[in-house]
Every structure is written in C-alpha cells, then in structure tokens.
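Peer 1: Can you keep this structure in mind? I'll have questions shortly.
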Amino acid sequence: SGVSGKITVALEGDRPGLVRLLPNGYFAAADGRPFVPLGGFYANWVQLETPDGEWRVLKSFTDTSDDDKRRWMKFLHESGTTAMRFMLRSHRPHGMEPMDVVGRVNPVLLAEAMRYLDLAREFDLKFQLVLHEDYTKPVYVDPEALERFALPAFAGEDFSRLPREQARFLRDRRLVAPAGAKYTDPDAIACQDRYVRELIPALRSNPQVFAYELENEMVECPASWASHAIETIRGIDKLTPVCVSHGGGGLSTADPLWWHRNTPIDFYNYHLYPHGGTTLEDLDFGAAVDVLSRYGRMCGPSMLGESSGDQFSRHPSVETRRWVMRDIIWMALTNGNPGIFFWNARGPEVREFKPARDAMAQLDLASFERARPAIGIDVRHAL
C-alpha cells in the first residue's frame, strides 16, 4: 500500500536484565551485579548539544530524531548516567499528551516511548517509568486534555457501548473535581485500573525498565489509592520494584517512614529543591540534603529522586553549579541511598556522575549491611 512505519515488539516471558531490590536496600541485576541508578533528568526532554558544552536546549522526546536521542544518551552514558526517569506523557505544541486516555493506552505515544527505550539499550540506560499523570493534568480532571487527546482515541466508537466508568467521562463529560478526588472517585480508579492492565504487559518484559513510579509528586494522596495501584500492577508484574514520590519540600512535604509503614512500596523517592522552607537563614540547603538523605534511608529503601535543575541553571558560575551537584550526589550515596536522580541539568553538572559511577562500581553493595548507629533520634512523636 506504500504505507510504512516503525514497529516496536513487546517481548513475552521473563525480562532479561531484571533489576531487583535486595534486602539491604540496594539494587542488583539478576546475576547479582550491583545496579546503582544515577541520573534521572526527566527523560521527556532530550537535550541538544550547545557550543558552550552546557547542552541547554531542551526538546520534547517526540519532537526529536533518533540521532538526537542517541547523541544525548551517548553523552549521558559517557558522563556516568545509568538510569533516566521517564514520565509516560509528551509535551506537544497544543498541550501535554497523556498515556492514559480514559482507561485506555494511547497507542501512538506508547510506540514512541517504546522506541525511546529501544534506543537506550545501546547505551545501557535503564528507566524508572512514571505511570500516572500528576497534579491537574489527568484526563479525568482536565477538560482540555479530555477533548484534545482522549476523545480522538475513541473516534467512531459508540460511547453507549463502553463500560459505565469510561462512558461517564467520554459521553457524559462528567469530570472529577477537585483534582484530589481522582484518588477516591470509583470511576476514575476503575479507568486507571483498565489503563494499567493494558500498559504493564507491554512493559514488564522490556530490559530497559527497572522500576515503576505511581505518579510524580502525589498531592494529598491517601495510602489506600497507592496501595490499590501497587496491587493492580503486581497482579500483572510481580517482579519490577514500585515506588512513590512527593513534592520538592523534602520532609516538609511527606515522611518516607509513614509511606513505608502504610503502603506496600518497594522504595521511596523524596524530592528536595533549594526554595521555600529548605533554604532559611538558619538552614543551609546542604544541611537539608544531608539530613533528608540520611533520615530517609533509615526509614527503609529510599533515594533522592529529584533536585536541582532549573534553579541551578540560574547561577552564573559553572564551577559552583558543578560543586553543588557533586556534593548532593555524594551526600546521598554516602548516606546509604541506593541511587540519586536530578531534574534537568547542564553538561558540566551531568559529568559529576562519572566519578560516582566509577567509585560505586568498586563496591560489593550486595554484601553491605546496615550498622546500628551510636546515637539515634526518636521521631515517633511526629507519626
């Protein structure tokens, strides 16, 4: 017919290169080799090389070529990055395109995302995939997202023949309000379950996937929603570790101990940015990073999942930005975090991961055991 297109094949069976979480809170490949997730960088942006070496130009992954992606991932790999954090959505000129289009996987976006993962194999980069849309962006909340992206996915279908929970959003256009009700509304949850049950079979055997994250920076999310979402995933994929994250205020946003005790997460991601209550006259940002990454790790398997990025880019000194990046990386790793992720970063900052990757590769992390501290702080009053 003269029509051509890219094909992505989803494998069946056990995933080659499966990453598992060890009892001591570190990650390891199926053959026992330690795996330290380093990097993150919001994989939805592909950064393009600039003459100053900063790689400052950011483009949506759906607007870049395979060669653009290869050049960016080659730089990441050579600079010490081992993993990326990828939210299953795309920045389009007319809005944020979601993977979940009312209880159904967006097939075009899935193909583009899977192609991205395929290209990453050449550079041995693994991905933490964020499954659900965040804040006010879901199609269950945002009428523009519903109109632009969900309705076209059902073009030509008789909405009256759809399951009741899907028909409510597509035919009746009755959305969830306020946004936080997406965690308790039974129709939204039923559609989310449908979406996950379609999505996970396409991901569970992909060798580049090392973890699932429920949602970026959940806001006032009840433990019941997270627990249900995790059990839905594990009903299909029992092997891939699952985590959650909260906003950039560190301990002022959420307590990792509470989430370890009240949900069946495998590990926790805390986010910390140099703004708001994390930088005060009597609180240095470095001290906040050190305390959070130490306390969080004592609560259970946890890692710094987002920091820096856009705030650091405003500093005029390249050397200062590198030093801050370096210190945050090493604070997290020496405090026992099994890895560390950032938001966007410039080239010189990204390169600070290489010494960390090389040093961590020399350690037998599988044999590490937590030592009882000489001094402890009782925080039960805060629970």
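Labels used: A, B, ... for chains in the order of the structure tokens, numbers from 1 for residues in each chain, and numbers from 1 for ligands as shown.
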Just the residues within 10 Å of region 190-205 of chain A, please, counting only C-alpha atoms, with nothing from its chain fewer than 4 positions along; format it as a PyMOL selection string.
Peer 2: chain A and resi 9-18+99-107+110+114+129+131-132+140+163-166+169+182+185-186+209-212+228-229+232-240
Peer 1: Using only C-alpha atoms, determine which residues lie at most 10 Å from Gly339 (chain A), disregarding the query and same-chain residues fewer than 6 positions distant; provide the list as a PyMOL selection string.
Peer 2: chain A and resi 26-27+35-40+82-83+302-305+329+332-333+356-357+360
Peer 1: Can I get the selected residues back with all heavy atoms, as a short mmCIF file (atom, residue, chain, number, x, y, z; two decimals), in the first residue's frame?
Peer 2:
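Final file, again.cif:
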data_model
loop_
_atom_site.label_atom_id
_atom_site.label_comp_id
_atom_site.auth_asym_id
_atom_site.auth_seq_id
_atom_site.Cartn_x
_atom_site.Cartn_y
_atom_site.Cartn_z
N TYR A 26 19.70 -2.00 48.47
CA TYR A 26 20.39 -1.67 47.23
C TYR A 26 19.78 -2.49 46.08
O TYR A 26 19.11 -3.50 46.31
CB TYR A 26 21.89 -1.95 47.34
CG TYR A 26 22.63 -0.94 48.17
CD1 TYR A 26 22.88 -1.16 49.53
CD2 TYR A 26 23.07 0.26 47.61
CE1 TYR A 26 23.55 -0.22 50.30
CE2 TYR A 26 23.74 1.21 48.38
CZ TYR A 26 23.97 0.96 49.72
OH TYR A 26 24.63 1.90 50.48
N PHE A 27 20.05 -2.05 44.85
CA PHE A 27 19.55 -2.74 43.68
C PHE A 27 20.63 -3.65 43.11
O PHE A 27 21.82 -3.39 43.23
CB PHE A 27 19.15 -1.73 42.59
CG PHE A 27 17.99 -0.86 42.95
CD1 PHE A 27 18.20 0.44 43.39
CD2 PHE A 27 16.68 -1.32 42.84
CE1 PHE A 27 17.14 1.27 43.72
CE2 PHE A 27 15.61 -0.51 43.17
CZ PHE A 27 15.84 0.80 43.61
N PHE A 35 23.43 -2.64 40.82
CA PHE A 35 22.96 -1.61 39.89
C PHE A 35 22.66 -0.37 40.70
O PHE A 35 21.86 -0.40 41.63
CB PHE A 35 21.70 -2.07 39.15
CG PHE A 35 21.03 -0.97 38.37
CD1 PHE A 35 21.63 -0.43 37.24
CD2 PHE A 35 19.81 -0.44 38.78
CE1 PHE A 35 21.03 0.60 36.54
CE2 PHE A 35 19.20 0.59 38.08
CZ PHE A 35 19.81 1.11 36.96
N VAL A 36 23.32 0.73 40.35
CA VAL A 36 23.14 2.00 41.07
C VAL A 36 22.48 2.99 40.10
O VAL A 36 23.12 3.44 39.15
CB VAL A 36 24.48 2.56 41.57
CG1 VAL A 36 24.26 3.86 42.36
CG2 VAL A 36 25.20 1.53 42.43
N PRO A 37 21.20 3.31 40.28
CA PRO A 37 20.53 4.26 39.38
C PRO A 37 21.03 5.69 39.61
O PRO A 37 20.80 6.27 40.67
CB PRO A 37 19.05 4.11 39.73
CG PRO A 37 19.02 3.52 41.11
CD PRO A 37 20.27 2.73 41.27
N LEU A 38 21.70 6.23 38.62
CA LEU A 38 22.29 7.56 38.70
C LEU A 38 21.81 8.40 37.51
O LEU A 38 21.91 7.95 36.37
CB LEU A 38 23.82 7.49 38.68
CG LEU A 38 24.50 6.69 39.78
CD1 LEU A 38 26.00 6.54 39.50
CD2 LEU A 38 24.28 7.34 41.15
N GLY A 39 21.31 9.58 37.77
CA GLY A 39 20.94 10.48 36.68
C GLY A 39 19.55 11.03 36.83
O GLY A 39 19.32 12.06 37.45
N GLY A 40 18.57 10.35 36.20
CA GLY A 40 17.19 10.82 36.21
C GLY A 40 16.92 11.75 35.04
O GLY A 40 16.60 11.33 33.93
N THR A 82 23.36 6.15 34.58
CA THR A 82 22.96 4.74 34.40
C THR A 82 21.46 4.58 34.22
O THR A 82 21.00 3.52 33.78
CB THR A 82 23.38 3.90 35.62
OG1 THR A 82 22.68 4.38 36.78
CG2 THR A 82 24.89 3.97 35.85
N ALA A 83 20.68 5.61 34.57
CA ALA A 83 19.22 5.47 34.52
C ALA A 83 18.57 6.83 34.29
O ALA A 83 19.13 7.88 34.63
CB ALA A 83 18.69 4.85 35.81
N SER A 302 15.17 4.03 50.23
CA SER A 302 14.77 5.35 49.77
C SER A 302 15.93 6.00 49.03
O SER A 302 17.09 5.72 49.31
CB SER A 302 14.36 6.26 50.94
OG SER A 302 13.34 5.68 51.72
N MET A 303 15.60 6.90 48.11
CA MET A 303 16.66 7.63 47.40
C MET A 303 16.17 9.03 47.01
O MET A 303 14.96 9.25 46.87
CB MET A 303 17.13 6.88 46.15
CG MET A 303 16.06 6.61 45.12
SD MET A 303 16.69 5.69 43.68
CE MET A 303 17.10 7.07 42.59
N LEU A 304 17.11 9.94 46.90
CA LEU A 304 16.79 11.28 46.43
C LEU A 304 16.39 11.18 44.96
O LEU A 304 17.19 10.79 44.11
CB LEU A 304 17.99 12.20 46.61
CG LEU A 304 17.77 13.68 46.32
CD1 LEU A 304 16.68 14.25 47.22
CD2 LEU A 304 19.06 14.47 46.53
N GLY A 305 15.13 11.52 44.66
CA GLY A 305 14.60 11.27 43.33
C GLY A 305 14.49 12.50 42.45
O GLY A 305 14.22 12.37 41.25
N ILE A 329 25.24 14.64 45.18
CA ILE A 329 25.43 13.24 44.77
C ILE A 329 26.09 12.45 45.89
O ILE A 329 25.62 11.38 46.29
CB ILE A 329 26.26 13.16 43.48
CG1 ILE A 329 25.47 13.69 42.28
CG2 ILE A 329 26.71 11.72 43.22
CD1 ILE A 329 26.30 13.87 41.02
N ALA A 332 24.07 11.94 49.23
CA ALA A 332 23.07 10.88 49.11
C ALA A 332 23.71 9.51 49.13
O ALA A 332 23.27 8.60 49.86
CB ALA A 332 22.26 11.08 47.84
N LEU A 333 24.77 9.32 48.37
CA LEU A 333 25.38 7.99 48.26
C LEU A 333 26.08 7.58 49.56
O LEU A 333 25.97 6.42 49.99
CB LEU A 333 26.36 7.94 47.09
CG LEU A 333 25.73 8.09 45.70
CD1 LEU A 333 26.81 8.10 44.63
CD2 LEU A 333 24.72 6.97 45.43
N ALA A 356 31.17 9.17 40.53
CA ALA A 356 30.28 8.41 41.42
C ALA A 356 30.03 7.01 40.86
O ALA A 356 30.09 6.02 41.60
CB ALA A 356 28.97 9.15 41.60
N ARG A 357 29.74 6.93 39.57
CA ARG A 357 29.51 5.61 38.97
C ARG A 357 30.76 4.73 39.09
O ARG A 357 30.67 3.55 39.45
CB ARG A 357 29.12 5.76 37.50
CG ARG A 357 28.83 4.42 36.81
CD ARG A 357 28.65 4.58 35.32
NE ARG A 357 29.90 5.02 34.68
CZ ARG A 357 30.00 5.34 33.39
NH1 ARG A 357 28.92 5.30 32.61
NH2 ARG A 357 31.16 5.74 32.89
N MET A 360 31.28 3.66 42.83
CA MET A 360 30.28 2.71 43.31
C MET A 360 30.47 1.34 42.67
O MET A 360 30.12 0.31 43.27
CB MET A 360 28.88 3.23 43.04
CG MET A 360 28.52 4.52 43.76
SD MET A 360 28.55 4.38 45.57
CE MET A 360 26.99 3.52 45.86
#
Peer 1: Just asking: which residues within region 102-339 of chain A are helix (DSSP H, G or I) according to DSSP, as a PyMOL selection string?
Peer 2: chain A and resi 107-123+143-153+159-161+164-170+179-183+186-203+223-234+250-252+256-262+276-278+285-299+310-313+318-334
Peer 1: Using only C-alpha atoms, tabulate the residues of region 134-253 of chain A lying at most 10 Å from any atom of region 283-299 of chain A, each with its closest atom pair and that distance in Å to one decimal, by chain and increasing residue number, as CSV.
Peer 2:
residue,atom,partner,partner_atom,distance
A:Gly249,CA,A:Ala288,CA,9.8
A:Gly250,CA,A:Leu292,CA,6.8
A:Leu251,CA,A:Leu292,CA,6.9
Peer 1: Nearest residue to Arg71 (chain A) out of A:Ile189, A:Ala120, A:Ala30, A:Met84, using only C-alpha atoms?
Peer 2: A:Ala120
Peer 1: Taking only C-alpha atoms into account, name the residue in A:Glu54, A:Thr253, A:Phe127, A:Pro138 that is nearest to Arg322 (chain A).
Peer 2: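 Among the listed residues, the smallest separation from Arg322 (chain A) belongs to A:Glu54.
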Peer 1: Please report the interatomic distance between CA of Ile265 (chain A) and CA of Thr334 (chain A) in Å with one decimal.
Peer 2: 23.1 Å
Peer 1: Report, in Å with one decimal, the straight-line distance from CA of His94 (chain A) to CA of Leu175 (chain A).
Peer 2: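 So the two atoms, CA of His94 (chain A) and CA of Leu175 (chain A), lie 20.6 Å apart.
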Peer 1: Let me make sure I understand: among A:Arg321, A:Arg20, A:Lys137, A:Lys74, which one has the smallest atom-to-atom distance to Arg89 (chain A) if we use only C-alpha atoms?
Peer 2: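 Using only C-alpha atoms, the shortest distance to Arg89 (chain A) belongs to A:Lys137.
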Peer 1: Near Thr62 (chain A), counting only C-alpha atoms, which residues have an atom at most 10 Å away, once you skip same-chain residues fewer than 5 positions from it, shown as a list in words?
Peer 2: Asn44, Trp45, Val46, Arg89, Ser90, His91, Arg92, Leu109, Glu112, Ala113 and Tyr116 of chain A
Peer 1: Can you measure CA of Pro241 (chain A) to CA of Leu76 (chain A) for me? One decimal in Å is fine.
Peer 2: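 Taking CA of Pro241 (chain A) as the start and CA of Leu76 (chain A) as the end point, the length is 23.5 Å.
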Peer 1: Considering only strand (DSSP E or B) as DSSP defines it on the backbone, what residues of region 184-362 of chain A qualify? List them as a VMD selection string.
Peer 2: chain A and resid 209 to 215 242 to 245 249 267 to 272 280 283 302 to 307 340 to 342
Peer 1: Any chance you could export the current selection's C-alpha atoms as a CSV table (one decimal), in the first residue's frame?
Peer 2:
chain,number,residue,atom,x,y,z
A,209,VAL,CA,12.7,-0.9,32.6
A,210,PHE,CA,14.0,-1.1,36.2
A,211,ALA,CA,11.1,0.4,38.2
A,212,TYR,CA,7.7,1.9,38.2
A,213,GLU,CA,6.7,5.1,39.9
A,214,LEU,CA,3.0,5.6,40.5
A,215,GLU,CA,2.8,9.3,39.9
A,242,VAL,CA,7.4,0.1,42.6
A,243,CYS,CA,8.0,3.5,44.3
A,244,VAL,CA,6.1,6.7,45.0
A,245,SER,CA,7.3,10.4,45.2
A,249,GLY,CA,9.9,20.3,50.1
A,267,PHE,CA,11.3,2.1,47.8
A,268,TYR,CA,10.6,5.8,48.2
A,269,ASN,CA,11.7,8.9,46.3
A,270,TYR,CA,12.0,12.1,48.2
A,271,HIS,CA,12.4,15.4,46.3
A,272,LEU,CA,14.2,18.5,47.6
A,280,LEU,CA,16.4,29.6,55.5
A,283,LEU,CA,19.0,26.1,57.5
A,302,SER,CA,14.8,5.4,49.8
A,303,MET,CA,16.7,7.6,47.4
A,304,LEU,CA,16.8,11.3,46.4
A,305,GLY,CA,14.6,11.3,43.3
A,306,GLU,CA,14.6,14.9,42.2
A,307,SER,CA,16.6,18.0,43.0
A,340,ILE,CA,20.2,9.5,43.1
A,341,PHE,CA,18.2,11.4,40.5
A,342,PHE,CA,18.0,15.0,39.5
Peer 1: Go through A:Lys126, A:Leu88, A:Ala181, A:Leu365 and flag the residue nearest Val19 (chain A), using only C-alpha atoms for the distances.
Peer 2: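 The shortest atom-to-atom distance to Val19 (chain A) comes from A:Lys126.
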Peer 1: Pick the closest to Lys354 (chain A) from A:Glu78, A:Asp172, A:Asp282, A:Asp255: which is it, counting only C-alpha atoms?
Peer 2: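 Closest to Lys354 (chain A), using only C-alpha atoms: A:Glu78.
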Peer 1: With only C-alpha atoms as the atoms that count, which of A:Phe75, A:Tyr273, A:Phe41, A:Trp259 lies nearest to Pro301 (chain A)?
Peer 2: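 Checking each candidate against Pro301 (chain A), we get A:Trp259 as the closest.
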